[in-house]
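Have a look at the structure below, then the notes.
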Amino acid sequence: PRWCQHAACQLHSLGCNAPRGRVALTEPAHSDPRMVQKLDQKLPVANEYLLLSGGVREGVVDMDQEDLSVYARGTDYDMDFTLLVPALKLHDRNQPVTLDMRHSTLCHSWLSLRLFDEGTINKWKDCCTIVEHINGASNYFFSPTKVADWFYDSTTVVLGEIQRKPQRGMPRVEQVEKNGTVITVILGVGSSRMLYDIIPVVSFKGWPAVAQSWLMDNHFWDGKITEEEVISGFYLVPACSFTGKRENEWRLSFARSEVQLKKCISSSLMQGYQACKAIIMKLLSRPKAISPYHLRSMMLWACDRLPATFLVQDEFAAHFLLGLIDDLQHCLVNRSCPNYFIPQCNMFEHLSDQTVILHARKLSSVRSDPTEHLRTAIEHVKAANRLTQELQRRGSAPNTPSPQSDGSTGDGRQPDDRLAKKLQQLVTENPGKSISVFINPDDVTRPHFRIDDKFF
């Protein structure tokens with residue numbers, strides 16, 4: 001336990017658990033959706049994008065892992081982020097949001113464009129599936145797969161234009177790939193490589209009616225943050241249930257709320273969670289039945305279940321690590337992992353007996369010797385850090401600047417590094433804080449940053 005405690009802290013210091021919060025949207029990230037909006041005017045002009053520290057593979061949103069290509073930190077990228085881009089917005093806080101869940105399992109919904117005006121329907125008709133009624137009327141359902149296809153095509157056009165006509169200060173486009181409904185873009189910013197998992201979403205203000213009963217229960221965050229902060233909004237992300245129609249079904253995402261809840265989680269519990277995540281991401285990678293998002297949900301349930309005085313103990317990171325392994329084992333064996341916000345939704349319901357037995361055996365081996373598995377996780381992180389440092393050292397050496405960098409600096413270092421460092425500084429200095437930026441698409445020289453309720 002003492003060594004586990006030290007190892008969990010070491011993983012923390014090595015950067016394995018870079019703060020996973022809501023972070024500011026800076027130039028490399030916001031230029032793409034802004035230019036997509038100008039391409040065909042589909043995206044809302046006044047839009048608020050949500051940039052989360054950590055990629056989809058890190059479990060920052062509940063998306064299907066089997067659709068994702070494998071990227072390794074250090075080898076393929078240095079920092080990773082998830083960017084949620086609202087394709088549609090509904091901003092009614094006056095009453096709970098009722099979704100069309102007649103055709104879906106819990107936590108999923110179809111989205112009819114009847115909720116929107118005629119102009120919006122005409123704009124998005126080509127990204128809908130059409131259901132004809134007996135009376136001759138047509139109902140247009142917003143299709144997550146068609147929206148993702150459109151967004152990938154538009155993003156490819158925009159990034160291709162950036163590559164053909166590079167401008168000073170713009171990042172280098174190193175890779176673009178479609179992973180199911182997620183567009184993965186790797187940008188070179190100076191000597192750093194930044195991975196963005198970009199997801200087109202539907203944004204709602206308020207709270208879904210299906211999760212209304214959750215608000216009636218007691219929670220660990222009661223009295224620490226306000227209910228208004230927790231229920232400020234939610235998303236529909238393009239992900240389907242295992243029995244639903246991929247072309248019609250969206251998944252509810254509470255990414256905004258999860259950022260707020262993180263403010264109430266102790267640093268020692270986060271260390272235990274990050275250590276556990278580092279282990280299971282390697283050990284349980286095949287088949288991809290368990291994602292870090294499932295582990296995050298179990299951590300939130302543990303916060304509700306355990307005494308607050310226990311959860312704030314600084315020296316208990318090792319206990320939290322072992323406890324999370326036990327919780328995961330328990331959920332696997334019972335094939336039960338309730339969604340934190342909609343407990344009626346069992347995220348392990350689809351698992352086969354074979355998958356359950358396979359992963360349960362692997363977890364038993366971890367539980368019998370957690371020290372060895374932690375050592376392995378630490379070595380992986382150290383190796384990734386060494387790769388990153390070596391590549392950045394080479395990138396900082398005097399050379400001929402690329403057309404997409406500012407060649408006016410005299411120290412040989414590409415000034416685009418400042419963007420990456422500024423982004424990392426914001427993440428590091430504001431753990432758990434709600435940070436966003438409102439952008440005027442016609443004037444990106446003056447972004448308005450907001451950290452919690454303060455503007456600068």
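Each chain of the structure tokens is named A, B, ... in the order shown, its residues numbered from 1; ligands are numbered from 1 in display order.
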Return as an mmCIF file with C-alpha atoms, in the first residue's frame the full set of residues in stretch 118-320 of chain A whose backbone-based DSSP assignment is strand (DSSP E).
```
data_model
loop_
_atom_site.group_PDB
_atom_site.id
_atom_site.type_symbol
_atom_site.label_atom_id
_atom_site.label_comp_id
_atom_site.auth_asym_id
_atom_site.auth_seq_id
_atom_site.Cartn_x
_atom_site.Cartn_y
_atom_site.Cartn_z
ATOM 1 C CA CYS A 128 -31.671 13.544 -41.987
ATOM 2 C CA THR A 129 -33.526 10.291 -42.369
ATOM 3 C CA ILE A 130 -37.129 10.766 -43.459
ATOM 4 C CA VAL A 131 -40.133 8.975 -41.981
ATOM 5 C CA GLU A 132 -43.366 9.278 -43.979
ATOM 6 C CA SER A 138 -42.806 13.883 -43.479
ATOM 7 C CA ASN A 139 -40.791 13.817 -40.283
ATOM 8 C CA TYR A 140 -37.092 14.596 -40.554
ATOM 9 C CA PHE A 141 -34.869 12.872 -37.977
ATOM 10 C CA PHE A 142 -31.388 14.306 -37.470
ATOM 11 C CA ARG A 172 0.515 22.130 -39.474
ATOM 12 C CA VAL A 173 -2.033 19.465 -40.393
ATOM 13 C CA GLU A 174 -0.260 16.163 -39.806
ATOM 14 C CA GLN A 175 -3.150 13.691 -39.894
ATOM 15 C CA VAL A 176 -6.922 13.579 -40.408
ATOM 16 C CA GLU A 177 -8.903 10.391 -39.859
ATOM 17 C CA LYS A 178 -12.557 9.469 -39.434
ATOM 18 C CA ASN A 179 -13.142 7.018 -36.582
ATOM 19 C CA VAL A 182 -15.372 11.002 -34.421
ATOM 20 C CA ILE A 183 -12.965 13.031 -36.557
ATOM 21 C CA THR A 184 -9.405 12.735 -35.252
ATOM 22 C CA VAL A 185 -7.029 15.522 -36.262
ATOM 23 C CA ILE A 186 -3.367 15.743 -35.283
ATOM 24 C CA LEU A 187 -1.911 19.234 -35.580
ATOM 25 C CA GLY A 188 1.721 20.242 -35.361
ATOM 26 C CA VAL A 189 2.034 23.336 -33.178
ATOM 27 C CA SER A 192 4.344 19.812 -30.165
ATOM 28 C CA ARG A 193 1.732 17.480 -31.668
ATOM 29 C CA MET A 194 -1.815 18.035 -30.492
ATOM 30 C CA LEU A 195 -4.508 15.418 -31.062
ATOM 31 C CA TYR A 196 -8.106 16.602 -31.310
ATOM 32 C CA ASP A 197 -11.054 14.225 -31.336
ATOM 33 C CA ILE A 198 -13.733 16.452 -32.887
ATOM 34 C CA ILE A 199 -17.371 15.442 -32.374
ATOM 35 C CA PRO A 200 -20.459 17.087 -33.894
ATOM 36 C CA VAL A 201 -23.135 17.270 -31.193
ATOM 37 C CA VAL A 202 -26.547 18.720 -30.364
ATOM 38 C CA SER A 203 -26.361 21.162 -27.444
ATOM 39 C CA PHE A 204 -29.144 21.700 -24.910
ATOM 40 C CA LYS A 205 -29.498 24.123 -22.035
ATOM 41 C CA GLY A 233 -26.802 21.774 -19.984
ATOM 42 C CA PHE A 234 -26.257 18.456 -21.739
ATOM 43 C CA TYR A 235 -25.499 17.087 -25.201
ATOM 44 C CA LEU A 236 -26.542 14.463 -27.670
ATOM 45 C CA VAL A 237 -23.418 12.793 -29.059
ATOM 46 C CA TRP A 250 -27.942 9.694 -30.408
ATOM 47 C CA ARG A 251 -26.558 9.190 -26.891
ATOM 48 C CA LEU A 252 -27.072 11.570 -23.987
ATOM 49 C CA SER A 253 -23.848 13.105 -22.691
#
```
With a cut-off of 9 Å, could you pull out the residues of stretch 340-371 of chain A touching stretch 284-297 of chain A and give me the nearest pair of atoms for each, distance in Å to one decimal, using only C-alpha atoms, ordered by chain and ascending number, as a Markdown table?
```
| residue | atom | partner | partner_atom | distance |
| --- | --- | --- | --- | --- |
| A:Tyr340 | CA | A:Ser297 | CA | 5.7 |
| A:Met347 | CA | A:His294 | CA | 7.7 |
| A:Phe348 | CA | A:Ala289 | CA | 8.4 |
| A:Leu351 | CA | A:Ala289 | CA | 7.3 |
| A:Thr355 | CA | A:Pro287 | CA | 7.5 |
| A:Val356 | CA | A:Ala289 | CA | 8.9 |
| A:His359 | CA | A:Leu284 | CA | 6.6 |
| A:Lys362 | CA | A:Leu284 | CA | 7.6 |
| A:Leu363 | CA | A:Leu284 | CA | 8.5 |
```
* To do: Please provide as a ChimeraX atom specification all residues within 12 Å of A:Val230, with the sequence filter that same-chain residues fewer than 4 positions apart are discarded (counting only C-alpha atoms).
  => /A:205-207,214-215,219,221-226,234,254-264,341,434
